[in-house]
$ cat entry_34.cif   # mmCIF, C-alpha atoms
data_upload
loop_
_atom_site.label_atom_id
_atom_site.label_comp_id
_atom_site.auth_asym_id
_atom_site.auth_seq_id
_atom_site.Cartn_x
_atom_site.Cartn_y
_atom_site.Cartn_z
CA MET A 1 33.32 1.47 -6.04
CA LEU A 2 30.79 -0.71 -7.84
CA ASN A 3 32.90 -0.74 -11.00
CA GLU A 4 35.90 -1.91 -8.98
CA ARG A 5 33.87 -4.72 -7.47
CA ILE A 6 32.63 -5.77 -10.91
CA ARG A 7 36.17 -5.76 -12.24
CA GLU A 8 37.38 -7.92 -9.33
CA ASN A 9 34.56 -10.39 -9.94
CA ASN A 10 35.40 -10.59 -13.64
CA VAL A 11 39.06 -11.28 -12.79
CA SER A 12 37.98 -14.03 -10.37
CA ILE A 13 35.72 -15.56 -13.02
CA LYS A 14 38.59 -15.64 -15.53
CA LYS A 15 40.85 -17.32 -12.94
CA PHE A 16 38.21 -19.95 -12.18
CA LYS A 17 37.62 -20.61 -15.90
CA ASN A 18 41.35 -21.05 -16.53
CA ARG A 19 41.63 -23.36 -13.50
CA ALA A 20 38.59 -25.36 -14.69
CA GLU A 21 40.07 -25.76 -18.20
CA PHE A 22 43.39 -26.87 -16.73
CA LEU A 23 41.72 -29.45 -14.48
CA GLU A 24 39.49 -30.61 -17.33
CA ASP A 25 42.53 -31.23 -19.55
CA LYS A 26 44.31 -33.03 -16.74
CA LEU A 27 41.22 -35.13 -15.99
CA SER A 28 40.70 -36.03 -19.67
CA ASN A 29 44.18 -37.61 -19.68
CA ILE A 30 43.39 -39.72 -16.62
CA ILE A 31 39.78 -40.99 -17.08
CA PRO A 32 37.92 -42.39 -20.11
CA GLU A 33 36.01 -40.00 -22.35
CA GLU A 34 32.57 -41.45 -21.51
CA ILE A 35 33.04 -40.90 -17.77
CA GLY A 36 34.46 -37.43 -18.46
CA ASN A 37 31.31 -36.50 -20.40
CA ARG A 38 29.10 -37.76 -17.57
CA VAL A 39 31.11 -35.69 -15.08
CA LYS A 40 30.76 -32.58 -17.31
CA ASN A 41 26.99 -33.10 -17.57
CA PHE A 42 26.73 -33.54 -13.81
CA ILE A 43 28.74 -30.36 -13.22
CA GLN A 44 26.63 -28.38 -15.71
CA THR A 45 23.43 -29.60 -14.07
CA ALA A 46 24.74 -28.61 -10.64
CA GLN A 47 25.78 -25.18 -11.96
CA LEU A 48 22.35 -24.56 -13.49
CA ALA A 49 20.62 -25.65 -10.29
CA GLN A 50 22.80 -23.34 -8.20
CA HIS A 51 22.25 -20.49 -10.65
CA SER A 52 18.47 -20.90 -10.58
CA LYS A 53 18.46 -21.03 -6.75
CA SER A 54 20.54 -17.85 -6.58
CA LYS A 55 18.33 -16.15 -9.16
CA GLU A 56 15.15 -17.06 -7.27
CA ARG A 57 16.67 -15.79 -4.02
CA GLN A 58 17.63 -12.48 -5.66
CA ILE A 59 14.17 -12.06 -7.19
CA LYS A 60 12.59 -12.74 -3.79
CA LYS A 61 14.86 -10.13 -2.14
CA PHE A 62 14.01 -7.62 -4.87
CA ASN A 63 10.27 -8.17 -4.42
CA ILE A 64 10.60 -7.70 -0.64
CA LEU A 65 12.50 -4.44 -1.17
CA LEU A 66 9.92 -3.30 -3.70
CA SER A 67 7.03 -3.98 -1.31
CA ARG A 68 8.85 -2.09 1.46
CA LYS A 69 9.30 0.86 -0.89
CA ARG A 70 5.58 0.83 -1.71
CA ARG A 71 4.67 0.71 2.00
CA ASP A 72 7.06 3.58 2.72
CA GLN A 73 5.51 5.60 -0.11
CA GLU A 74 2.02 4.92 1.26
CA ARG A 75 3.14 6.00 4.74
CA LYS A 76 4.54 9.24 3.31
CA GLU A 77 1.24 9.92 1.55
CA GLU A 78 -0.67 9.18 4.78
CA LYS A 79 1.58 11.53 6.73
CA LEU A 80 1.02 14.27 4.13
CA ALA A 81 -2.74 13.81 4.42
CA GLU A 82 -2.49 13.92 8.24
CA LYS A 83 -0.42 17.09 7.99
CA ASP A 84 -3.02 18.66 5.68
CA VAL A 85 -5.82 17.80 8.11
CA LEU A 86 -3.90 19.17 11.09
CA SER A 87 -3.02 22.35 9.20
CA LYS A 88 -6.72 23.16 8.87
CA GLY A 89 -6.76 23.92 12.60
CA LEU A 90 -8.65 22.75 15.65
CA ASN A 91 -11.83 24.72 14.86
CA PHE A 92 -12.24 23.14 11.42
CA ALA A 93 -15.58 21.33 11.08
CA VAL A 94 -15.93 18.43 8.66
CA THR A 95 -19.19 18.38 6.71
CA SER A 96 -21.43 15.45 7.49
CA ASN A 97 -22.04 12.89 4.77
CA HIS A 98 -25.71 12.48 5.74
CA ILE A 99 -28.59 14.76 6.74
CA PRO A 100 -29.54 14.50 10.44
CA THR A 101 -33.27 13.82 9.85
CA VAL A 102 -33.90 12.60 13.39
CA ASP A 103 -32.55 15.87 14.80
CA PHE A 104 -34.81 17.93 12.50
CA ILE A 105 -37.89 15.88 13.37
CA THR A 106 -37.14 16.12 17.09
CA ALA A 107 -36.65 19.89 16.85
CA THR A 108 -39.89 20.23 14.86
CA GLU A 109 -41.89 18.31 17.46
CA ALA A 110 -40.32 20.38 20.26
CA ALA A 111 -41.25 23.60 18.42
CA ILE A 112 -44.83 22.39 17.94
CA LYS A 113 -45.22 21.67 21.67
CA LYS A 114 -43.48 24.88 22.74
CA ASN A 115 -45.65 27.12 20.54
CA ASN A 116 -48.90 25.25 21.32
CA MET A 117 -49.78 24.84 17.65
CA THR A 118 -53.17 23.53 16.58
CA GLY A 119 -53.50 20.17 14.90
CA SER A 120 -53.76 21.57 11.38
CA GLU A 121 -50.83 23.98 11.85
CA ALA A 122 -48.70 21.19 13.33
CA ALA A 123 -49.62 18.83 10.46
CA ASP A 124 -48.80 21.54 7.92
CA LEU A 125 -45.41 22.19 9.56
CA ARG A 126 -44.64 18.45 9.70
CA LEU A 127 -45.59 18.12 6.03
CA ARG A 128 -43.29 20.98 4.98
CA VAL A 129 -40.40 19.64 7.09
CA THR A 130 -40.88 16.14 5.65
CA ALA A 131 -40.99 17.48 2.08
CA THR A 132 -37.85 19.52 2.68
CA LEU A 133 -36.01 16.56 4.20
CA ASN A 134 -37.04 14.28 1.30
CA SER A 135 -35.67 16.69 -1.30
CA ALA A 136 -32.53 17.60 0.68
CA LYS A 137 -29.13 16.30 -0.39
CA PRO A 138 -26.08 16.09 1.84
CA PRO A 139 -23.56 18.89 1.36
CA PRO A 140 -20.38 18.19 -0.63
CA SER A 141 -17.44 17.09 1.45
CA ASN A 142 -14.95 19.78 2.39
CA ILE A 143 -12.08 17.30 2.74
CA THR A 144 -10.61 14.74 0.36
CA PRO A 145 -11.02 10.98 0.91
CA GLU A 146 -7.33 10.77 1.89
CA GLU A 147 -7.82 13.51 4.47
CA ARG A 148 -10.91 11.72 5.82
CA LYS A 149 -8.90 8.51 6.16
CA ALA A 150 -6.10 10.41 7.91
CA LEU A 151 -8.63 12.04 10.24
CA THR A 152 -10.04 8.67 11.31
CA ALA A 153 -6.49 7.38 11.83
CA LEU A 154 -5.70 10.39 14.02
CA GLN A 155 -8.90 9.85 15.99
CA LYS A 156 -7.88 6.23 16.65
CA ILE A 157 -4.49 7.38 17.91
CA THR A 158 -5.97 9.88 20.36
CA ALA A 159 -8.73 7.52 21.54
#

$ encode --input "entry_34.cif" --output "structure tokens"
Amino acid sequence: MLNERIRENNVSIKKFKNRAEFLEDKLSNIIPEEIGNRVKNFIQTAQLAQHSKSKERQIKKFNILLSRKRRDQERKEEKLAEKDVLSKGLNFAVTSNHIPTVDFITATEAAIKKNNMTGSEAADLRLRVTATLNSAKPPPSNITPEERKALTALQKITA
């Protein structure tokens, strides 16, 4: 189908060229050569201007289509990441990216009060908890960055 359309366009171009040559010959017999050259230059300038406008318009259309394709590809990747997150199930727990130090300190203080520890025992326990928290590193993430992004997007949808 495309080849047929190209062939038809080529036939039309040949017809227009033949018609232009015929009119150019006819016009050269009627008007002086100097005016004929000025008319040819004007026509060529107009043709180039029209060609450049058409070319710019086609490039703009192509860039728009290309950006749409990229957005569609990104959406597909996001949907895949969302699907991966949802496939892990409802009971799946995401590892935290920080250590909950406040929770540990609060629990330590509650344990000290509950067990009625002496001052030195409480200080020793606090010291060990503080040392452990200072040397602790957060656990490695159990989901990829894309899955994390998809998870936050899903949370926004349900909120």

$ atom_distance --input "entry_34.cif" --atom1 "atom CA of Thr106 of chain A" --atom2 "atom CA of Thr130 of chain A"
12.0 Å

$ residues_around --input "entry_34.cif" --residues "segment 83-92 of chain A" --least-positions-apart "6" --cutoff "8 Å" --atoms "only C-alpha atoms" --output "count of residues only"
3

$ residues_around --input "entry_34.cif" --residues "segment 14-31 of chain A" --least-positions-apart "6" --cutoff "10 Å" --atoms "all atoms listed in the file" --output "MDAnalysis selection string"
chainID A and resid 8 37 40

$ residues_around --input "entry_34.cif" --residues "Glu146 of chain A" --least-positions-apart "5" --cutoff "9 Å" --atoms "only C-alpha atoms" --output "PyMOL selection string"
chain A and resi 77-78+81-82+151

$ residues_around --input "entry_34.cif" --residues "segment 121-124 of chain A" --least-positions-apart "6" --cutoff "10 Å" --atoms "all atoms listed in the file" --output "PDB file with C-alpha atoms, keeping the file's coordinate frame"
ATOM      1  CA  THR A 108     -39.890  20.230  14.860  1.00  0.00           C
ATOM      2  CA  GLU A 109     -41.890  18.310  17.460  1.00  0.00           C
ATOM      3  CA  ALA A 111     -41.250  23.600  18.420  1.00  0.00           C
ATOM      4  CA  ILE A 112     -44.830  22.390  17.940  1.00  0.00           C
ATOM      5  CA  LYS A 113     -45.220  21.670  21.670  1.00  0.00           C
ATOM      6  CA  ASN A 115     -45.650  27.120  20.540  1.00  0.00           C
ATOM      7  CA  THR A 130     -40.880  16.140   5.650  1.00  0.00           C
TER       8      THR A 130
END

$ resolve_selection --input "entry_34.cif" --expression "the PyMOL selection byres ((chain A and resi 101) around 10)" --output "PyMOL selection string"
chain A and resi 98-100+102-107+129-130+133-134+136

$ write_last_selection --input "entry_34.cif" --atoms "C-alpha atoms" --output "mmCIF file, in the frame of the given file"
data_model
loop_
_atom_site.group_PDB
_atom_site.id
_atom_site.type_symbol
_atom_site.label_atom_id
_atom_site.label_comp_id
_atom_site.auth_asym_id
_atom_site.auth_seq_id
_atom_site.Cartn_x
_atom_site.Cartn_y
_atom_site.Cartn_z
ATOM 1 C CA HIS A 98 -25.710 12.480 5.740
ATOM 2 C CA ILE A 99 -28.590 14.760 6.740
ATOM 3 C CA PRO A 100 -29.540 14.500 10.440
ATOM 4 C CA VAL A 102 -33.900 12.600 13.390
ATOM 5 C CA ASP A 103 -32.550 15.870 14.800
ATOM 6 C CA PHE A 104 -34.810 17.930 12.500
ATOM 7 C CA ILE A 105 -37.890 15.880 13.370
ATOM 8 C CA THR A 106 -37.140 16.120 17.090
ATOM 9 C CA ALA A 107 -36.650 19.890 16.850
ATOM 10 C CA VAL A 129 -40.400 19.640 7.090
ATOM 11 C CA THR A 130 -40.880 16.140 5.650
ATOM 12 C CA LEU A 133 -36.010 16.560 4.200
ATOM 13 C CA ASN A 134 -37.040 14.280 1.300
ATOM 14 C CA ALA A 136 -32.530 17.600 0.680
#

$ resolve_selection --input "entry_34.cif" --expression "the PyMOL selection byres ((chain A and resi 140-145) around 8)" --output "ChimeraX atom specification"
/A:94-97,138-139,146-149

$ atom_distance --input "entry_34.cif" --atom1 "atom CA of Arg38 of chain A" --atom2 "atom CA of Ser54 of chain A"
24.3 Å

$ closest_residue --input "entry_34.cif" --among "A:Leu125, A:Leu80, A:Leu48, A:Met1" --to "Ala110 of chain A" --atoms "all atoms listed in the file"
A:Leu125
